[in-house]
Structure formats: C-alpha cells, structure tokens
Amino acid sequence: MIEEKQHVFYLTTVHTSYWFRVTAHGQLEHLYFGPRQIPQDPAAVAFKHTAQLGSTVAYDESDVSYSLDTLPQEYAGFGRGDFRDSPLIVKMADGTYVSDFVYEKYRIVAGVVPSPTLPYGKASASEADTLIVTLKDQVQDITLTLEYTVFPATDVISRRATLHNHTEQTLVIDKIMSAQWDMPNLDYQVHSFSGGWASEAHHHVQPVEDGTIVLNSLTGASSNRQNPGFLVGEKAATEDTGWAYGVNLFYSGNHESRIQRNNQDFLRIMTGINSQGFHWQLAPNSDFETPSAVLTFSDAGFNGVSHHFHQFVNNHVVPAHFQQRERPVVYNNWEATFFNFNDKKLFELAKQAKDLGVELFVIDDGWFGTRNDDTQGLGDYDVNPKKFRHGLRDFVTQVNALGLQVGLWFEPEMVNEKSRLYADHPDWAVRVPGRQPVLGRHQLVLDLTRPEVRDYIVDNVSRTIDETGISYVKWDMNRHLTDMYSAALTEQAEFNHRYILGLYDVLRRIFNPRPNILLETCSSGGNRFDLGMMTFGPQIWTSDDTDPIERLDIQQGLSYLYPLSTISAHVSSAPHQQTLRDTPLSTRGNVASFGVLGYEMDLNLLTPIERAEIRDQTEFYKKHRALLQFGQFSRHFGRRPGQFLWQVQRGDQAIAGFFQQHVPASPTYDRLPVTGLVANTLYTMDSKPQRLMIDRFGELLKHVTPVKLDPHGRIMTTASRHLSLPDAQEHYVGTGALLATGVLLVNQFMGSGYNKQVRMLGDYGSTLYCIQPAAEAHDD
Ligand code: GLA
C-alpha cells in the first residue's frame with residue numbers, strides 16, 4: 001500500500017514500512033525502512049538537523065544546519081554539498097557535472113509499470129502498487145523519475161530510476177544507479193556471495209567500517225565472482241533473529257553495489273549498473289531507464305529475508321507459466337560423454353534414465369556442426385549427421401516414445417573461429433579493429449548489439465526448437481566479455497549494457513511465443529545466476545561443480561537470495577570430476593534434492609545396488625517435489641563448522657536435511673530443528689531410508705559380518721554390486737513447538753562399534769528426515 005500525507009510517502013507491506021518525504025528544500029529525505037508501522041508523523045525517526053555540523057556546506061544560507069552531506073537521501077545529486085558517493089553522474093548540456101534534483105510531482109498507479117527492454121517483477125493490479133516520483137534539476141531541463149513498486153504480500157519493494165533529457169543537446173551519463181537510500185548504521189555487517197568457476201556464491205561476511213564496500217562485476221555478466229544480491233544485517237542477527245536487509249538487481253551484466261559509512265555513522269547503500277567503462281549518450285528528448293533493484297527487510301533474521309526473496313521470485317519473477325509448476329527430473333549427458341556420443345549411445349542412456357525415474361533427457365553440447373571438441377562449431381546450427389543419422393526430430397520422437405521429454409543445449413551468444421558462421425560473418429564477432437582479440441574457451445562473443453546478429457540467433461534457435469519438438473532448452477554462455485567494440489555504436493562505452501539489452505531482446509523473442517519451453521539458463525554454471533535471467537528461465541544450472549560437498553556451500557549461498565525452484569542440481573559420479581572427492585551416492589542425492597534434481601553420469605557404469613538407490617531417490621523426490629521445490633526453505637545453525645542443516649516446509653509437511661562436510665573423532669551430539677509447523681500438532685519425524693555401500697567400509701566390514709572378507713577380493717567386488725547395509729533408521733515424535741527447539745539425533749559412529757541406531761555418516765555423510773502430522777503417519 002502507498003499513501004502520501006503532507007509530502008510524506010508511506011510504503012507499507014505486510015511486515016515492513018518504507019518512508020520518505022520531501023524536505024523544505026525539495027530533496028527526498030529517507031526516513032525509515034524497518035518493521036511495519038502505522039503511517040504517522042515521522043518526526044520521531046527522522047534524522048535531526050538542529051545544529052550545524054562543522055566542515056559541511058550549507059545548502060541554503062537561511063538554514064545553515066541543512067546540509068546535503070548529512071541528509072539521509074533517497075537519490076542524491078552531485079556537487080551541492082553531499083560528499084558521499086553519488087548514484088548519478090551526468091555531463092550536462094553546459095559541460096558541467098553538477099546536479100540538484102528537487103521534487104516536482106508524484107502519482108500512484110495500480111500494479112507494475114512495465115519496461116519494454118529490461119526485466120522486472122510482474123504483478124497484477126491487485127498484487128502491487130507503484131509510486132512514481134518526478135524530480136527536476138534546479139537548472140537544467142532534465143527530470144529524474146524514481147519508481148517504487150510495492151509487492152505487499154512478499155514484503156518486497158522494487159525501485160528503478162529513469163533520466164529524461166528535455167534539452168536540445170546530448171547528455172552523457174557516467175553513472176546511474178537503480179536505487180540508493182541512507183540509514184543509521186546499527187553495527188551492520190555485509191553478507192556477499194562470491195567465488196569463481198565451480199565455486200560460486202560462497203557466503204562472505206564483512207563488518208561495515210569506515211570507507212566503502214564495493215561488490216561488483218566487470219566480466220560482462222552478473223558473474224560467478226560476485227552475485228548482484230547481498231544482505232546487510234545486524235552483527236548480532238542470526239538465521240532467525242535480528243534485523244536484516246536484502247538487496248538484489250534484475251540485471252545480468254556488469255553490476256555495482258556500494259555500502260558506504262560516513263562520519264555520522266550513516267550507511268549509504270546503492271546498487272545498479274557498474275559505472276566503470278560506462279558512458280551513455282542521452283540524445284535530446286530521450287530517456288535512460290535503469291534495471292530494477294529489489295529491496296526487502298526482515299526482523300526475523302536472514303531466513304526472514306530469504307523467505308521474502310523466495311516468494312518474490314516464485315510469484316513475481318519467473319515466467320508466469322512456470323510459477324509453482326513442478327519441474328521434471330532431468331538426465332544430462334555432459335559429464336557422461338562430453339562430446340563423444342551418437343544417437344545409439346544416447347538412446348541407450350535414455351532407456352536407462354527412464355528406468356531410473358528420469359522425466360526429461362537433455363542432449364548437451366556437441367550435437368551440431370563440427371562440434372566434436374570445444375575449439376569449433378559454435379555459431380552453426382546444422383545437426384551433425386554422423387551423430388544423429390536420422391536427424392534430431394527422429395531421435396526426439398524415439399525418446400518421446402520411451403516416455404521422456406527431450407531438451408537441447410545451445411550457446412547462441414558465441415562463435416568459434418572454426419565455424420561456418422565465422423567464415424561467412426567474421427565481422428559479427430566482438431573485437432577491436434587493429435587489436436588481436438583474446439579468446440575464452442577458444443571462442444569469441446557475437447555482437448548482440450547488432451540487430452542482424454540478434455535476428456540470426458532468434459531465427460536459428462526458434463527453428464531448431466520448432467523443428468525438433470524439444471520441450472526444454474539449456475542456454476549456455478561460456479566466456480567473459482572482452483575487446484568491447486561494435487561497428488554499430490558511436491559510443492563504445494555503451495557496449496556492455498547494449499549487449500545485455502540485446503540478450504534480453506533475443507530471449508524475449510524466442511521464449512515469449514513458446515511459453516511451454518522450459519528454459520534452464522547457464523553460464524559455465526552459475527556465472528549468470530541473477531533475477532534478470534530468471535524472468536526468462538525459471539531455473540539455472542547452478543555450478544559446473546557437481547560434488548555435493550562443494551554444492552553445500554554453493555547452494556546454501558544462493559539460498560539466501562533465490563528459492564530452491566531455481567537451483568538446478570545434478571547427481572554425478574564419484575570421485576567427482578571437479579575435486580577428485582569420493583562421496584556417497586546418498587549424499588549426492590540428498591544435496592541435489594534441495595533444488596531441481598537431475599542426474600549427470602554414465603548410467604552404464606552403475607551397479608545394480610546403485611540403480612536401486614537412484615530409483616528410490618527419484619521416487620522420493622517426485623513424491624515430495626512440490627515441497628522440495630516450492631516449500632519454504634530455511635537454514636539452521638550448525639553446531640560444527642561444515643555442518644549444514646536445511647529444511648523445507650509447506651503446510652503440515654516438512655523435510656529436513658542434516659549434512660556434514662567433515663566428521664570429527666568422537667563427535668558430540670547433533671541437533672536438528674524443524675520450524676514452521678503448527679505448535680500444538682503432533683508430528684512424526686522419520687529418517688529417509690538410504691543405503692550404505694559396503695565397499696566404502698573396506699576391512700571394517702569385519703565388524704558387521706561374521707564372514708572374513710578380503711576388502712579387495714573378488715567376493716567383495718561382486719557383493720558390493722548387489723548388497724548394501726541399511727543406514728540407521730530414526731523415528732521421533734513431537735509437537736511442532738517441540739521439534740522447533742531441535743531434535744537431538746542418535747549418535748554418529750564413534751569408532752566404538754556399529755549397531756542399527758548409529759548413524760554411519762563419516763566425512764560427507766547426510767540424512768534426510770520426513771516430517772508429517774502423526775495422524776497421517778500410517779499412510780506411508
Ligand atoms: C559449460 C556448462 C556445462 C556444459 C558445457 C558444455 O561448461 O556449464 O554444463 O554444458 O559448457 O560445453
């Protein structure tokens with residue numbers, strides 16, 4: 001809800017309030033962002049200007065205590081006495097950079113104001129309201145529009161800024177952030193999610209101290225180095241308590257967020273397009289629109305912020321067709337075959353995948369042109385006739401007849417020098433004339449700022465989708481942007497943003513008319529895991545790292561910002577290709593189940609007992625899929641480093657997971673809370689049965705079997721293909737209130753013997769628990 005009273009704007013969601021007002025001098029003063037309040041006189045929470053602070057510049061001689069440097073603002077100008085970072089740097093028609101925007105007018109509209117070029121949160125007129133405030137520069141004929149869309153049910157406010165040039169001259173924008181606000185610093189810390197290839201989104205925490213924390217990307221993508229989303233939380237906040245703010249951005253290119261503390265202990269927070277290497281020529285009578293930023297607040301800790309973000313993404317970000325739509329269990333051939341496959345080999349894998357409970361078969365890289373390794377073929381779309389003797393349509397039909405849908409991998413933004421496309425259109429590849437371009441994965445980037453390049457991609461991807469009858473697309477992008485230049489541009493520092501606008505145009509034209517195609521985006525894994533991409537594809541290939549122990553960090557990091565329905569997670573073979581780590585199949589399945597489950601391994605090499613385990617995993621997943629993909633996900637405090645406690649809850653059902661990266665000797669007790677259930681209802685909590693593969697135990701098997709077995713002998717080799725031990729079966733009963741306090745689990749193996757009530761976890765062990773009302777327990 002949005003109200004205005006005497007130039008104070010009150011934005012209210014179910015649990016939060018966001019207030020700002022127009023000052024006597026016309027600037028927008030930020031007043032409050034926190035727990036929900038009744039709209040009222042804001043004087044009590046407003047920053048006080050009753051004395052002049054030394055070493056400041058008075059905005060108006062008649063009111064010397066009013067300085068822009070101490071005023072908490074909504075969107076500061078530049079060069080008028082505010083010496084903090086400005087969100088907007090514009091070269092004006094007169095060649096100066098000074099700007100001073102003051103209030104002109106406002107209006108409120110029902111719903112969302114759509115953007116023709118950029119992604120944004122969608123909502124019906126009854127689900128959101130938008131406040132549009134127009135500011136005008138004191139001197140120049142330019143206006144700045146700030147839009148605030150309030151999504152009350154998900155406690156999210158999205159913001160964006162648009163600059164309008166009404167002058168007769170071209171302006172140059174050097175920096176234009178989507179949103180900025182200033183607030184008192186309550187001993188806050190910044191939580192960011194950064195890493196690199198195969199190690200995306202690790203959670204980092206740093207205190208806000210003097211100076212500025214900058215979180216950004218310059219790779220041309222939102223990047224695996226620094227996710228655009230971040231949290232700012234009280235130092236004392238926990239997963240479930242304390243104040244925390246969440247910020248994210250609908251943008252897939254270079255981004256920049258700043259958290260700056262000033263000498264008055266206020267924080268200035270801003271986010272938007274990265275201003276490094278960015279200059280935008282704003283022609284007379286034209287506008288520049290920023291991407292949308294997303295803000296949320298919770299006084300229920302980091303889980304509170306995550307719950308808001310998760311609901312927002314599931315209900316307002318992903319394409320309407322896939323909101324709350326259960327996603328299929330995928331098999332992807334990449335880690336099994338790489339480029340070395342043909343229709344016969346794939347069909348054999350498809351038959352096995354079907355038998356294991358898979359629903360969608362994905363043909364990854366290598367089906368087209370001369371793409372037999374990663375040095376060639378990108379840019380071409382003709383199906384390789386040696387790999388698919390009867391064409392792709394025929395193969396898809398055959399796999400469909402098995403009862404599986406089919407998906408196909410594309411990397412449309414790229415070209416290899418060894419390709420037909422490059423031979424025909426070398427000028428379509430991004431490079432600076434006279435400078436040798438640098439390659440990434442042996443490939444160049446196509447110039448998506450050019451309409452003819454975009455048309456080529458739209459035509460070819462669309463035709464392939466329509467002709468082959470596939471129902472899923474994996475859209476990959478495997479190198480960073482360098483050598484930024486386009487013959488189509490006069491201002492080369494517009495390249496990065498125009499590339500992203502081009503990408504969005506291509507995605508919109510291909511997928512809007514094909515709403516049934518499930519789009520999974522990817523960029524060497526999670527190099528473009530952002531809200532922008534999610535508006536086109538509801539799930540993202542999270543990481544090329546399929547080792548579940550690495551995935552615990554990666555998936556947990558992403559869970560602060562994104563729901564499980566977006567996190568694509570595959571079970572792969574162990575030892576893992578990325579780490580050489582050997583992990584139990586149960587843990588691979590358990591970690592991938594907290595996401596959109598898939599498989600990516602050579603199914604020919606599975607033992608009968610592994611097949612049985614995988615069949616159980618897919619059956620379990622499908623039975624609980626709505627809960628696992630769309631339930632409310634929460635993290636709990638793990639007592640030891642490397643312990644991960646996750647849960648999803650929906651209505652009266654929950655699944656909790658206990659994961660450990662390493663086991664200490666003689667481990668102390670383990671505690672697993674389950675929250676969100678009805679306090680006085682009685683629930684059962686049962687561990688999901690899973691197999692302990694006996695080859696893991698080597699000589700230790702002598703403790704559980706009276707028969708002496710050589711761990712390397714033939715009997716063991718044969719036995720381990722068919723036999724397994726059951727893991728400990730746990731059963732607990734308690735009210736929702738009791739389970740929330742934390743269930744103390746049975747002991748882990750301590751080197752002192754095995755019985756059926758000992759959890760045999762070791763390094764990399766995990767267990768899932770199903771929680772349901774006690775009255776229903778007999779149904780299972
Ligand atoms: C990237 C993707 C992988 C796979 C390969 C194919 O690395 O992240 O999943 O598709 O490309 O070349």
# chains A, B, ... in the order shown; residues from 1 in each chain; ligands from 1
>>> residues_near_ligand(ligand="ligand 1", cutoff="6 Å", atoms="only C-alpha atoms and all ligand atoms", output="PDB file with C-alpha atoms, in the first residue's frame")
ATOM      1  CA  ASP A 364      24.214 -31.250 -24.064  1.00  0.00           C
ATOM      2  CA  ASP A 365      26.995 -29.675 -26.120  1.00  0.00           C
ATOM      3  CA  CYS A 522      23.634 -21.464 -17.613  1.00  0.00           C
ATOM      4  CA  SER A 523      26.933 -19.658 -17.896  1.00  0.00           C
ATOM      5  CA  SER A 524      29.746 -22.111 -17.178  1.00  0.00           C
ATOM      6  CA  GLY A 525      27.459 -22.992 -14.277  1.00  0.00           C
ATOM      7  CA  ASP A 544      29.705 -26.948 -13.068  1.00  0.00           C
TER       8      ASP A 544
END
>>> select_by_dssp(residues="range 364-447 of chain A", states="strand (DSSP E or B)", output="number ranges by chain")
A: 368, 376, 383, 405-410, 414-416, 418, 429, 440, 443-446
>>> residues_around(residues="Thr12 in chain A", least_positions_apart="6", cutoff="10 Å", atoms="only C-alpha atoms", output="PDB file with C-alpha atoms, in the first residue's frame")
ATOM      1  CA  MET A   1       0.000   0.000   0.000  1.00  0.00           C
ATOM      2  CA  ILE A   2       1.194   3.509  -0.781  1.00  0.00           C
ATOM      3  CA  GLU A   3      -0.035   6.673   0.893  1.00  0.00           C
ATOM      4  CA  TYR A  18       9.430   2.338   3.986  1.00  0.00           C
ATOM      5  CA  TRP A  19       9.036   6.084   4.437  1.00  0.00           C
ATOM      6  CA  PHE A  33      12.866   1.227   6.491  1.00  0.00           C
ATOM      7  CA  PRO A  35       9.231  -3.289  10.841  1.00  0.00           C
ATOM      8  CA  ARG A  36       5.747  -2.255   9.752  1.00  0.00           C
ATOM      9  CA  GLN A  37       4.375   0.920  11.360  1.00  0.00           C
ATOM     10  CA  ILE A  38       1.099   2.766  11.157  1.00  0.00           C
ATOM     11  CA  PRO A  39       1.637   5.826   8.964  1.00  0.00           C
ATOM     12  CA  VAL A 150       5.361  -2.272  -3.551  1.00  0.00           C
ATOM     13  CA  PHE A 151       4.642  -6.021  -3.505  1.00  0.00           C
ATOM     14  CA  PRO A 152       2.912  -6.199  -0.092  1.00  0.00           C
ATOM     15  CA  ASP A 155       7.455  -7.725   1.584  1.00  0.00           C
ATOM     16  CA  VAL A 156       9.454  -6.548  -1.403  1.00  0.00           C
ATOM     17  CA  ILE A 157       9.841  -3.062  -2.851  1.00  0.00           C
TER      18      ILE A 157
END
>>> closest_residue(among="A:Glu168, A:Asp100, A:Glu256, A:Asp380", to="Leu28 in chain A", atoms="only C-alpha atoms")
A:Asp100
>>> closest_residue(among="A:Arg258, A:His703, A:Thr767, A:Gln324", to="Pro563 in chain A", atoms="only C-alpha atoms")
A:Gln324
>>> residues_around(residues="Gly357 in chain A", least_positions_apart="6", cutoff="10 Å", atoms="only C-alpha atoms", output="PDB file with all heavy atoms, in the first residue's frame")
ATOM      1  N   VAL A 329      12.467 -34.194 -13.440  1.00  0.00           N
ATOM      2  CA  VAL A 329      13.795 -34.744 -13.114  1.00  0.00           C
ATOM      3  C   VAL A 329      14.526 -34.943 -14.445  1.00  0.00           C
ATOM      4  O   VAL A 329      14.039 -35.618 -15.345  1.00  0.00           O
ATOM      5  CB  VAL A 329      13.667 -36.091 -12.375  1.00  0.00           C
ATOM      6  CG1 VAL A 329      15.053 -36.690 -12.108  1.00  0.00           C
ATOM      7  CG2 VAL A 329      12.889 -35.920 -11.082  1.00  0.00           C
ATOM      8  N   VAL A 330      15.710 -34.320 -14.532  1.00  0.00           N
ATOM      9  CA  VAL A 330      16.449 -34.269 -15.785  1.00  0.00           C
ATOM     10  C   VAL A 330      17.585 -35.288 -15.783  1.00  0.00           C
ATOM     11  O   VAL A 330      18.166 -35.573 -14.742  1.00  0.00           O
ATOM     12  CB  VAL A 330      17.019 -32.828 -15.933  1.00  0.00           C
ATOM     13  CG1 VAL A 330      18.204 -32.771 -16.871  1.00  0.00           C
ATOM     14  CG2 VAL A 330      15.931 -31.862 -16.363  1.00  0.00           C
ATOM     15  N   TYR A 331      17.882 -35.845 -16.965  1.00  0.00           N
ATOM     16  CA  TYR A 331      19.176 -36.504 -17.158  1.00  0.00           C
ATOM     17  C   TYR A 331      19.920 -35.684 -18.205  1.00  0.00           C
ATOM     18  O   TYR A 331      19.373 -35.352 -19.257  1.00  0.00           O
ATOM     19  CB  TYR A 331      19.032 -37.952 -17.657  1.00  0.00           C
ATOM     20  CG  TYR A 331      20.399 -38.521 -18.006  1.00  0.00           C
ATOM     21  CD1 TYR A 331      21.232 -38.982 -16.996  1.00  0.00           C
ATOM     22  CD2 TYR A 331      20.868 -38.532 -19.310  1.00  0.00           C
ATOM     23  CE1 TYR A 331      22.513 -39.442 -17.282  1.00  0.00           C
ATOM     24  CE2 TYR A 331      22.141 -38.985 -19.607  1.00  0.00           C
ATOM     25  CZ  TYR A 331      22.955 -39.439 -18.588  1.00  0.00           C
ATOM     26  OH  TYR A 331      24.226 -39.871 -18.867  1.00  0.00           O
ATOM     27  N   LEU A 404       9.866 -40.023 -22.286  1.00  0.00           N
ATOM     28  CA  LEU A 404      10.724 -38.936 -21.792  1.00  0.00           C
ATOM     29  C   LEU A 404      10.563 -37.704 -22.679  1.00  0.00           C
ATOM     30  O   LEU A 404      10.483 -37.827 -23.901  1.00  0.00           O
ATOM     31  CB  LEU A 404      12.201 -39.352 -21.863  1.00  0.00           C
ATOM     32  CG  LEU A 404      12.716 -40.417 -20.912  1.00  0.00           C
ATOM     33  CD1 LEU A 404      14.137 -40.812 -21.309  1.00  0.00           C
ATOM     34  CD2 LEU A 404      12.701 -39.901 -19.481  1.00  0.00           C
ATOM     35  N   ILE A 614      19.190 -45.059  -6.794  1.00  0.00           N
ATOM     36  CA  ILE A 614      18.738 -43.920  -7.612  1.00  0.00           C
ATOM     37  C   ILE A 614      17.233 -44.005  -7.858  1.00  0.00           C
ATOM     38  O   ILE A 614      16.517 -42.993  -7.783  1.00  0.00           O
ATOM     39  CB  ILE A 614      19.523 -43.852  -8.940  1.00  0.00           C
ATOM     40  CG1 ILE A 614      20.979 -43.470  -8.648  1.00  0.00           C
ATOM     41  CG2 ILE A 614      18.888 -42.868  -9.917  1.00  0.00           C
ATOM     42  CD1 ILE A 614      21.882 -43.412  -9.857  1.00  0.00           C
ATOM     43  N   ARG A 615      16.722 -45.203  -8.101  1.00  0.00           N
ATOM     44  CA  ARG A 615      15.267 -45.342  -8.279  1.00  0.00           C
ATOM     45  C   ARG A 615      14.537 -44.833  -7.035  1.00  0.00           C
ATOM     46  O   ARG A 615      13.538 -44.125  -7.126  1.00  0.00           O
ATOM     47  CB  ARG A 615      14.908 -46.809  -8.527  1.00  0.00           C
ATOM     48  CG  ARG A 615      14.754 -47.116  -9.990  1.00  0.00           C
ATOM     49  CD  ARG A 615      14.246 -48.528 -10.222  1.00  0.00           C
ATOM     50  NE  ARG A 615      15.061 -49.120 -11.259  1.00  0.00           N
ATOM     51  CZ  ARG A 615      15.951 -50.091 -11.101  1.00  0.00           C
ATOM     52  NH1 ARG A 615      16.125 -50.645  -9.911  1.00  0.00           N
ATOM     53  NH2 ARG A 615      16.655 -50.528 -12.109  1.00  0.00           N
ATOM     54  N   ASP A 616      15.072 -45.185  -5.868  1.00  0.00           N
ATOM     55  CA  ASP A 616      14.443 -44.703  -4.629  1.00  0.00           C
ATOM     56  C   ASP A 616      14.529 -43.182  -4.524  1.00  0.00           C
ATOM     57  O   ASP A 616      13.598 -42.523  -4.072  1.00  0.00           O
ATOM     58  CB  ASP A 616      15.139 -45.313  -3.397  1.00  0.00           C
ATOM     59  CG  ASP A 616      14.787 -46.781  -3.225  1.00  0.00           C
ATOM     60  OD1 ASP A 616      13.906 -47.274  -3.966  1.00  0.00           O
ATOM     61  OD2 ASP A 616      15.412 -47.437  -2.375  1.00  0.00           O
ATOM     62  N   GLN A 617      15.669 -42.646  -4.948  1.00  0.00           N
ATOM     63  CA  GLN A 617      15.826 -41.181  -4.855  1.00  0.00           C
ATOM     64  C   GLN A 617      14.808 -40.458  -5.736  1.00  0.00           C
ATOM     65  O   GLN A 617      14.168 -39.494  -5.311  1.00  0.00           O
ATOM     66  CB  GLN A 617      17.244 -40.773  -5.296  1.00  0.00           C
ATOM     67  CG  GLN A 617      18.329 -41.124  -4.293  1.00  0.00           C
ATOM     68  CD  GLN A 617      19.731 -40.792  -4.804  1.00  0.00           C
ATOM     69  OE1 GLN A 617      19.912 -40.403  -5.959  1.00  0.00           O
ATOM     70  NE2 GLN A 617      20.730 -40.958  -3.944  1.00  0.00           N
ATOM     71  N   THR A 618      14.667 -40.909  -6.996  1.00  0.00           N
ATOM     72  CA  THR A 618      13.746 -40.187  -7.897  1.00  0.00           C
ATOM     73  C   THR A 618      12.297 -40.369  -7.433  1.00  0.00           C
ATOM     74  O   THR A 618      11.487 -39.454  -7.533  1.00  0.00           O
ATOM     75  CB  THR A 618      13.895 -40.636  -9.365  1.00  0.00           C
ATOM     76  OG1 THR A 618      13.702 -42.049  -9.451  1.00  0.00           O
ATOM     77  CG2 THR A 618      15.265 -40.280  -9.924  1.00  0.00           C
ATOM     78  N   GLU A 619      12.005 -41.552  -6.917  1.00  0.00           N
ATOM     79  CA  GLU A 619      10.641 -41.787  -6.440  1.00  0.00           C
ATOM     80  C   GLU A 619      10.332 -40.874  -5.255  1.00  0.00           C
ATOM     81  O   GLU A 619       9.284 -40.238  -5.187  1.00  0.00           O
ATOM     82  CB  GLU A 619      10.507 -43.255  -6.015  1.00  0.00           C
ATOM     83  CG  GLU A 619       9.072 -43.679  -5.801  1.00  0.00           C
ATOM     84  CD  GLU A 619       9.016 -45.090  -5.209  1.00  0.00           C
ATOM     85  OE1 GLU A 619       9.829 -45.955  -5.615  1.00  0.00           O
ATOM     86  OE2 GLU A 619       8.175 -45.310  -4.322  1.00  0.00           O
ATOM     87  N   TYR A 621      11.834 -38.073  -4.515  1.00  0.00           N
ATOM     88  CA  TYR A 621      11.819 -36.677  -4.964  1.00  0.00           C
ATOM     89  C   TYR A 621      10.488 -36.329  -5.618  1.00  0.00           C
ATOM     90  O   TYR A 621       9.883 -35.284  -5.333  1.00  0.00           O
ATOM     91  CB  TYR A 621      12.977 -36.423  -5.936  1.00  0.00           C
ATOM     92  CG  TYR A 621      13.111 -34.974  -6.318  1.00  0.00           C
ATOM     93  CD1 TYR A 621      13.721 -34.065  -5.461  1.00  0.00           C
ATOM     94  CD2 TYR A 621      12.605 -34.505  -7.526  1.00  0.00           C
ATOM     95  CE1 TYR A 621      13.842 -32.734  -5.802  1.00  0.00           C
ATOM     96  CE2 TYR A 621      12.721 -33.173  -7.876  1.00  0.00           C
ATOM     97  CZ  TYR A 621      13.338 -32.283  -7.006  1.00  0.00           C
ATOM     98  OH  TYR A 621      13.441 -30.952  -7.347  1.00  0.00           O
ATOM     99  N   LYS A 622      10.028 -37.219  -6.490  1.00  0.00           N
ATOM    100  CA  LYS A 622       8.787 -36.910  -7.206  1.00  0.00           C
ATOM    101  C   LYS A 622       7.610 -36.840  -6.227  1.00  0.00           C
ATOM    102  O   LYS A 622       6.727 -36.004  -6.368  1.00  0.00           O
ATOM    103  CB  LYS A 622       8.538 -37.939  -8.308  1.00  0.00           C
ATOM    104  CG  LYS A 622       9.486 -37.728  -9.488  1.00  0.00           C
ATOM    105  CD  LYS A 622       9.080 -38.535 -10.686  1.00  0.00           C
ATOM    106  CE  LYS A 622       9.987 -39.695 -10.891  1.00  0.00           C
ATOM    107  NZ  LYS A 622       9.701 -40.509 -12.069  1.00  0.00           N
TER     108      LYS A 622
END
>>> closest_residue(among="A:Pro673, A:Pro433, A:Gly81, A:Gly765", to="Pro548 in chain A", atoms="only C-alpha atoms")
A:Gly765
>>> residues_around(residues="Asn165 in chain A", least_positions_apart="3", cutoff="8 Å", atoms="only C-alpha atoms", output="compact mmCIF listing (two decimals) with all heavy atoms, in the first residue's frame")
# COMPACT_ATOMS: atom_id res chain seq x y z
N ASP A 141 17.20 21.37 -17.93
CA ASP A 141 15.88 20.83 -18.25
C ASP A 141 15.95 19.31 -18.34
O ASP A 141 15.77 18.72 -19.41
CB ASP A 141 15.40 21.47 -19.56
CG ASP A 141 13.90 21.29 -19.75
OD1 ASP A 141 13.25 20.82 -18.78
OD2 ASP A 141 13.39 21.60 -20.83
N ILE A 142 16.25 18.71 -17.23
CA ILE A 142 16.24 17.24 -17.19
C ILE A 142 15.46 16.80 -15.96
O ILE A 142 15.45 17.49 -14.94
CB ILE A 142 17.66 16.60 -17.19
CG1 ILE A 142 18.45 17.03 -15.96
CG2 ILE A 142 18.43 16.95 -18.44
CD1 ILE A 142 19.78 16.30 -15.86
N THR A 143 14.76 15.69 -16.10
CA THR A 143 14.00 15.17 -14.96
C THR A 143 14.46 13.76 -14.64
O THR A 143 14.99 13.04 -15.49
CB THR A 143 12.48 15.17 -15.22
OG1 THR A 143 12.24 14.50 -16.46
CG2 THR A 143 11.91 16.56 -15.27
N THR A 170 22.84 16.57 -26.42
CA THR A 170 23.07 15.22 -25.89
C THR A 170 23.77 15.32 -24.54
O THR A 170 24.74 16.05 -24.38
CB THR A 170 23.94 14.44 -26.89
OG1 THR A 170 23.19 14.32 -28.10
CG2 THR A 170 24.28 13.05 -26.37
N LEU A 171 23.28 14.57 -23.58
CA LEU A 171 23.93 14.47 -22.26
C LEU A 171 24.75 13.20 -22.24
O LEU A 171 24.48 12.26 -22.99
CB LEU A 171 22.89 14.40 -21.14
CG LEU A 171 21.77 15.42 -21.14
CD1 LEU A 171 20.81 15.12 -19.99
CD2 LEU A 171 22.34 16.82 -21.00
N LEU A 282 22.88 10.38 -24.02
CA LEU A 282 21.43 10.51 -23.92
C LEU A 282 20.98 11.65 -24.85
O LEU A 282 21.16 12.83 -24.55
CB LEU A 282 21.02 10.79 -22.47
CG LEU A 282 19.54 10.69 -22.17
CD1 LEU A 282 19.00 9.29 -22.42
CD2 LEU A 282 19.26 11.10 -20.71
N ALA A 283 20.43 11.22 -25.97
CA ALA A 283 20.07 12.18 -27.02
C ALA A 283 18.93 13.09 -26.54
O ALA A 283 18.21 12.75 -25.60
CB ALA A 283 19.63 11.41 -28.27
N PRO A 284 18.74 14.25 -27.19
CA PRO A 284 17.63 15.13 -26.83
C PRO A 284 16.30 14.37 -26.87
O PRO A 284 16.10 13.51 -27.74
CB PRO A 284 17.67 16.22 -27.90
CG PRO A 284 19.08 16.21 -28.40
CD PRO A 284 19.58 14.81 -28.26
N ASN A 285 15.44 14.67 -25.96
CA ASN A 285 14.11 14.05 -25.87
C ASN A 285 14.14 12.54 -25.78
O ASN A 285 13.32 11.85 -26.37
CB ASN A 285 13.25 14.47 -27.07
CG ASN A 285 12.95 15.94 -26.98
OD1 ASN A 285 12.57 16.43 -25.92
ND2 ASN A 285 13.19 16.65 -28.07
N SER A 286 15.13 12.02 -25.09
CA SER A 286 15.12 10.57 -24.87
C SER A 286 15.33 10.28 -23.39
O SER A 286 15.65 11.17 -22.60
CB SER A 286 16.16 9.87 -25.74
OG SER A 286 17.44 10.30 -25.37
N ASP A 287 15.13 9.00 -23.03
CA ASP A 287 15.19 8.57 -21.63
C ASP A 287 16.25 7.50 -21.46
O ASP A 287 16.54 6.76 -22.39
CB ASP A 287 13.86 7.90 -21.22
CG ASP A 287 12.67 8.79 -21.45
OD1 ASP A 287 12.85 10.01 -21.47
OD2 ASP A 287 11.57 8.23 -21.61
>>> select_by_dssp(residues="range 605-647 of chain A", states="helix (DSSP H, G or I)", output="VMD selection string")
chain A and resid 605 608 to 623 625 to 630
>>> residues_around(residues="Leu531 in chain A", least_positions_apart="6", cutoff="8 Å", atoms="only C-alpha atoms", output="PyMOL selection string")
chain A and resi 248-252+313+317
>>> residues_around(residues="Asp69 in chain A", least_positions_apart="2", cutoff="6 Å", atoms="only C-alpha atoms", output="JSON, numbers by chain")
{"A": [67, 71, 81, 82, 83]}
>>> closest_residue(among="A:Ser124, A:Ser593, A:Thr290, A:Thr50", to="Thr145 in chain A", atoms="only C-alpha atoms")
A:Thr290
>>> closest_residue(among="A:Met414, A:Ile500, A:Val45, A:Val733", to="Trp428 in chain A", atoms="only C-alpha atoms")
A:Met414
>>> closest_atom_pairs(of="range 462-551 of chain A", to="range 119-122 of chain A", cutoff="8 Å", atoms="only C-alpha atoms", output="JSON lines")
{"residue": "A:Tyr504", "atom": "CA", "partner": "A:Pro119", "partner_atom": "CA", "distance": 7.8}
{"residue": "A:Gly532", "atom": "CA", "partner": "A:Pro119", "partner_atom": "CA", "distance": 5.6}
{"residue": "A:Thr535", "atom": "CA", "partner": "A:Pro119", "partner_atom": "CA", "distance": 6.4}
>>> closest_residue(among="A:Ala728, A:Val133, A:Leu378, A:Met92", to="Ser419 in chain A", atoms="only C-alpha atoms")
A:Leu378
>>> atom_distance(atom1="CA of Leu360 in chain A", atom2="CA of Gln405 in chain A")
4.5 Å
>>> atom_distance(atom1="CA of Gln260 in chain A", atom2="CA of Gly211 in chain A")
5.9 Å
